[in-house]
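Engineer: Have a look at this one.
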Amino acid sequence: MNNQQKSIVIIDFINEIIDSKGKLAGKGYAAFDAKHGTLDNVKKLQEFGRRNHIPILFVRVGFSSSYVEHPENSPLFGGAKKFGALQLGTSATEFHPKVAPISGETIITKHRVSAFYGTSLELILKNLQVKEVLLAGVATDLAVQAAARDAHDRDFAVTVVSDCCAAANEEDHELSIKTIAKIAKIITLSDLT
């Protein structure tokens, strides 16, 4: 499959989640990155994509200042409004500087776990004539797994770059990769470069 039929999808590597000063840092994502160098790996993946003219799409979770899109009953997102977390238009929902998009790259905002739910991701992928998505993101067991399932069910070939994903802890990451392997190809960065 040629590179024109692929796209790299980078999910939720935003300051609020992955930066040690983010409001969700206590969940363990920043510590996971510190231990595994996930952001450094994602940066290398982006460099690979740019060198090989593979479109890179950035998907981030966030809510407007009114939190009108906020799911109050969600165990995952329910506290965001109360704590002023994941607010669009603030540095919280900007991509971490190590993996920030460059000029011309597409940023898609989502309001739920999956990168596909209520977003233009599928439309953009189809317009780009993408057949295979390469996923990198945080958290492996939430956003990455949801995107992998949704991409699979939309008939995309799915590849997860496992060392470009982060979770709250090792167990969540490993169990999720094991589950995703039932519907996707699992590789590491070294398999690409």
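For the structure tokens, the naming scheme is as follows: chains receive sequential letters (A, B, ...) according to their order of presentation, residues are indexed from 1 within each chain, and ligands are indexed from 1 in presentation order.
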So that I can see what lies close to Leu24 in chain A, please list as a list in words the residues with an atom at most 12 Å from it, counting only C-alpha atoms and leaving out residues fewer than 6 positions away in the same chain.
Structural biologist: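 The contact residues come out as Asp12, Phe13, Ile14, Asn15, Glu16, Ile17, Ile18, Ala30, Ala31, Leu76, Phe77, Gly79, Ala80, Phe83, Gly84, Ala85, Leu86, Ala92, Thr93, Val138, Ala139, Ala167 and Ala168 of chain A.
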Engineer: Quick one: pick out all strand (DSSP E) residues within range 114-161 of chain A from a backbone DSSP run and write them as an mmCIF file with N, CA and C atoms, in the first residue's frame.
Structural biologist:
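Okay, out-v1.cif is ready:
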```
data_model
loop_
_atom_site.group_PDB
_atom_site.id
_atom_site.type_symbol
_atom_site.label_atom_id
_atom_site.label_comp_id
_atom_site.auth_asym_id
_atom_site.auth_seq_id
_atom_site.Cartn_x
_atom_site.Cartn_y
_atom_site.Cartn_z
ATOM 1 N N GLU A 132 -5.685 3.252 4.934
ATOM 2 C CA GLU A 132 -5.104 2.759 6.188
ATOM 3 C C GLU A 132 -4.811 3.922 7.122
ATOM 4 N N VAL A 133 -5.258 3.802 8.372
ATOM 5 C CA VAL A 133 -4.937 4.803 9.383
ATOM 6 C C VAL A 133 -3.904 4.238 10.346
ATOM 7 N N LEU A 134 -2.907 5.059 10.649
ATOM 8 C CA LEU A 134 -1.909 4.728 11.659
ATOM 9 C C LEU A 134 -2.230 5.572 12.877
ATOM 10 N N LEU A 135 -2.544 4.918 13.980
ATOM 11 C CA LEU A 135 -3.002 5.620 15.174
ATOM 12 C C LEU A 135 -1.904 5.762 16.221
ATOM 13 N N ALA A 136 -1.848 6.951 16.809
ATOM 14 C CA ALA A 136 -0.980 7.234 17.949
ATOM 15 C C ALA A 136 -1.807 8.107 18.887
ATOM 16 N N GLY A 137 -1.780 7.807 20.187
ATOM 17 C CA GLY A 137 -2.605 8.633 21.049
ATOM 18 C C GLY A 137 -2.550 8.268 22.511
ATOM 19 N N VAL A 138 -3.280 9.052 23.260
ATOM 20 C CA VAL A 138 -3.441 8.872 24.687
ATOM 21 C C VAL A 138 -4.931 9.058 24.987
ATOM 22 N N ALA A 157 -8.184 -0.005 7.029
ATOM 23 C CA ALA A 157 -7.164 -0.855 7.644
ATOM 24 C C ALA A 157 -6.609 -0.037 8.805
ATOM 25 N N VAL A 158 -6.426 -0.682 9.958
ATOM 26 C CA VAL A 158 -6.006 0.038 11.158
ATOM 27 C C VAL A 158 -4.657 -0.491 11.627
ATOM 28 N N THR A 159 -3.736 0.428 11.844
ATOM 29 C CA THR A 159 -2.434 0.098 12.409
ATOM 30 C C THR A 159 -2.228 0.980 13.633
ATOM 31 N N VAL A 160 -1.895 0.379 14.748
ATOM 32 C CA VAL A 160 -1.608 1.129 15.969
ATOM 33 C C VAL A 160 -0.102 1.081 16.216
ATOM 34 N N VAL A 161 0.501 2.257 16.337
ATOM 35 C CA VAL A 161 1.936 2.350 16.624
ATOM 36 C C VAL A 161 2.056 2.358 18.148
#
```
Engineer: Return as a tab-separated table the residues of range 5-71 of chain A lying at most 12 Å from range 171-185 of chain A, together with the closest atom-to-atom pair for each and the distance in Å to one decimal, counting only C-alpha atoms, with rows in chain order and ascending residue number.
Structural biologist:
```
residue	atom	partner	partner_atom	distance
A:Lys27	CA	A:Asp172	CA	11.9
A:Gly28	CA	A:Asp172	CA	10.9
A:Tyr29	CA	A:His173	CA	10.6
A:Phe32	CA	A:His173	CA	9.7
A:Asp33	CA	A:His173	CA	12.0
A:His36	CA	A:His173	CA	11.7
```
Engineer: Using 8 Å as the limit and counting only C-alpha atoms, can you tabulate each residue of range 38-102 of chain A that touches range 109-126 of chain A, with its shortest atom-to-atom distance in Å and the two atoms involved, as CSV?
Structural biologist:
```
residue,atom,partner,partner_atom,distance
A:Val59,CA,A:Thr109,CA,5.7
A:Arg60,CA,A:Thr109,CA,5.1
A:Val61,CA,A:Lys110,CA,4.8
A:Gly62,CA,A:His111,CA,5.8
A:Phe63,CA,A:His111,CA,6.5
A:Glu69,CA,A:His111,CA,6.4
A:His70,CA,A:His111,CA,7.0
```
Engineer: Counting only C-alpha atoms, which of A:Pro101, A:Asn73, A:Val68, A:Asn169 gets nearest to Leu88 in chain A?
Structural biologist: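 Closest residue, counting only C-alpha atoms: A:Val68.
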Engineer: Range 18-160 of chain A: which residues are alpha helix (DSSP H) by DSSP, as a VMD selection string?
Structural biologist: chain A and resid 18 29 to 36 38 to 51 80 to 83 121 to 127 145 to 153
Engineer: Counting only C-alpha atoms, what is within 8 Å of Pro55 in chain A, bar same-chain residues fewer than 6 positions away, as an MDAnalysis selection string?
Structural biologist: chainID A and resid 6:8 49 105
Engineer: Mind dumping the selected residues with C-alpha atoms as a PDB file, in the first residue's frame?
Structural biologist:
```pdb
ATOM      1  CA  LYS A   6      -2.224   6.213   4.511  1.00  0.00           C
ATOM      2  CA  SER A   7      -2.814   8.819   7.164  1.00  0.00           C
ATOM      3  CA  ILE A   8      -1.321   9.249  10.614  1.00  0.00           C
ATOM      4  CA  GLY A  49       5.061  11.078   8.024  1.00  0.00           C
ATOM      5  CA  GLU A 105      -1.907  20.281   9.151  1.00  0.00           C
TER       6      GLU A 105
END
```
Engineer: Go through range 153-181 of chain A and flag each residue having an atom no more than 10 Å from range 38-43 of chain A; for those, report the closest pair of atoms plus their distance in Å to one decimal, using only C-alpha atoms, ordered by chain and rising number, as CSV.
Structural biologist:
```
residue,atom,partner,partner_atom,distance
A:Val161,CA,A:Val42,CA,9.1
A:Ser162,CA,A:Thr38,CA,9.4
A:Asp163,CA,A:Thr38,CA,6.3
A:Cys164,CA,A:Val42,CA,5.2
A:Cys165,CA,A:Thr38,CA,6.5
A:Ala166,CA,A:Thr38,CA,6.6
```
Engineer: Go ahead and save the picked residues with N, CA and C atoms, as a short mmCIF file (atom, residue, chain, number, x, y, z; two decimals), in the first residue's frame.
Structural biologist:
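Printed below is out_31.cif as written:
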```cif
data_model
loop_
_atom_site.label_atom_id
_atom_site.label_comp_id
_atom_site.auth_asym_id
_atom_site.auth_seq_id
_atom_site.Cartn_x
_atom_site.Cartn_y
_atom_site.Cartn_z
N VAL A 161 0.50 2.26 16.34
CA VAL A 161 1.94 2.35 16.62
C VAL A 161 2.06 2.36 18.15
N SER A 162 2.29 1.19 18.71
CA SER A 162 2.12 0.99 20.16
C SER A 162 3.03 1.86 21.02
N ASP A 163 4.26 2.11 20.57
CA ASP A 163 5.15 2.94 21.40
C ASP A 163 4.93 4.43 21.16
N CYS A 164 3.90 4.74 20.40
CA CYS A 164 3.45 6.13 20.22
C CYS A 164 2.10 6.33 20.90
N CYS A 165 1.81 5.45 21.85
CA CYS A 165 0.57 5.52 22.63
C CYS A 165 0.94 5.54 24.11
N ALA A 166 0.10 6.18 24.90
CA ALA A 166 0.34 6.25 26.35
C ALA A 166 -0.95 5.96 27.08
#
```
Engineer: Could you list, as a list in words, every residue within 7 Å of Leu189 in chain A, counting only C-alpha atoms and ignoring same-chain residues fewer than 2 positions away?
Structural biologist: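 Here the answer would be Leu45, Val161, Asp163, Ile187, Asp191, Leu192 and Thr193 of chain A.
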Engineer: Any chance you can output those residues with N, CA and C atoms as a PDB file, in the first residue's frame?
Structural biologist:
```
ATOM      1  N   LEU A  45       7.489   9.836  14.716  1.00  0.00           N
ATOM      2  CA  LEU A  45       6.443   9.367  13.812  1.00  0.00           C
ATOM      3  C   LEU A  45       5.983  10.503  12.896  1.00  0.00           C
ATOM      4  N   VAL A 161       0.501   2.257  16.337  1.00  0.00           N
ATOM      5  CA  VAL A 161       1.936   2.350  16.624  1.00  0.00           C
ATOM      6  C   VAL A 161       2.056   2.358  18.148  1.00  0.00           C
ATOM      7  N   ASP A 163       4.263   2.110  20.575  1.00  0.00           N
ATOM      8  CA  ASP A 163       5.151   2.936  21.398  1.00  0.00           C
ATOM      9  C   ASP A 163       4.933   4.429  21.155  1.00  0.00           C
ATOM     10  N   ILE A 187       2.205  -2.322  15.579  1.00  0.00           N
ATOM     11  CA  ILE A 187       3.623  -2.181  15.232  1.00  0.00           C
ATOM     12  C   ILE A 187       4.275  -1.241  16.228  1.00  0.00           C
ATOM     13  N   ASP A 191       9.392  -0.337  13.243  1.00  0.00           N
ATOM     14  CA  ASP A 191       8.873  -1.061  12.069  1.00  0.00           C
ATOM     15  C   ASP A 191       8.664  -0.122  10.874  1.00  0.00           C
ATOM     16  N   LEU A 192       8.565   1.174  11.143  1.00  0.00           N
ATOM     17  CA  LEU A 192       8.342   2.155  10.080  1.00  0.00           C
ATOM     18  C   LEU A 192       9.619   2.802   9.606  1.00  0.00           C
ATOM     19  N   THR A 193      10.519   3.071  10.549  1.00  0.00           N
ATOM     20  CA  THR A 193      11.698   3.881  10.203  1.00  0.00           C
ATOM     21  C   THR A 193      12.942   3.048   9.987  1.00  0.00           C
TER      22      THR A 193
END
```
Engineer: From the options A:Ser103, A:Ser91, A:Gln145, A:Ser66, which residue's atoms come nearest to Lys21 in chain A, counting only C-alpha atoms?
Structural biologist: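 Among A:Ser103, A:Ser91, A:Gln145, A:Ser66, it is A:Ser91 that comes nearest to Lys21 in chain A.
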Engineer: Which polymer residues have any atom within 12 Å of an atom of Lys82 in chain A, counting only C-alpha atoms, with same-chain residues fewer than 6 positions away left out, as a ChimeraX atom specification?
Structural biologist: /A:23,65-67,70-72
Engineer: May I have the residues from that selection written out with N, CA and C atoms, as a compact mmCIF listing (two decimals), in the first residue's frame?
Structural biologist:
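To be explicit, this is the file written out as result_1.txt:
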```
# COMPACT_ATOMS: atom_id res chain seq x y z
N LYS A 23 -4.23 19.49 34.13
CA LYS A 23 -5.18 19.13 35.19
C LYS A 23 -5.41 17.62 35.28
N SER A 65 -16.24 27.26 26.17
CA SER A 65 -16.27 27.87 27.51
C SER A 65 -17.64 27.70 28.19
N SER A 66 -18.69 27.52 27.42
CA SER A 66 -20.02 27.29 28.01
C SER A 66 -20.23 25.82 28.38
N TYR A 67 -19.35 24.96 27.91
CA TYR A 67 -19.45 23.51 28.12
C TYR A 67 -20.75 22.95 27.58
N HIS A 70 -20.57 19.32 26.72
CA HIS A 70 -20.08 18.49 27.82
C HIS A 70 -21.08 17.43 28.26
N PRO A 71 -20.64 16.15 28.34
CA PRO A 71 -21.52 15.08 28.80
C PRO A 71 -21.50 14.97 30.33
N GLU A 72 -22.44 15.61 30.98
CA GLU A 72 -22.44 15.67 32.45
C GLU A 72 -22.46 14.31 33.13
```
Engineer: Using only C-alpha atoms, find the one residue out of A:Ala34, A:Ile56, A:Ala147, A:Leu142 that sits nearest to Val99 in chain A.
Structural biologist: A:Ile56
Engineer: Which residue gives the smallest distance to Thr106 in chain A among A:Asp141, A:Leu57, A:Gly89, A:Val130, with only C-alpha atoms counted?
Structural biologist: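 Distance minimum relative to Thr106 in chain A lands on A:Leu57.
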Engineer: To one decimal place, how far is CA of Glu47 in chain A from CA of Asn127 in chain A in Å?
Structural biologist: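 Separation between CA of Glu47 in chain A and CA of Asn127 in chain A: 22.9 Å.
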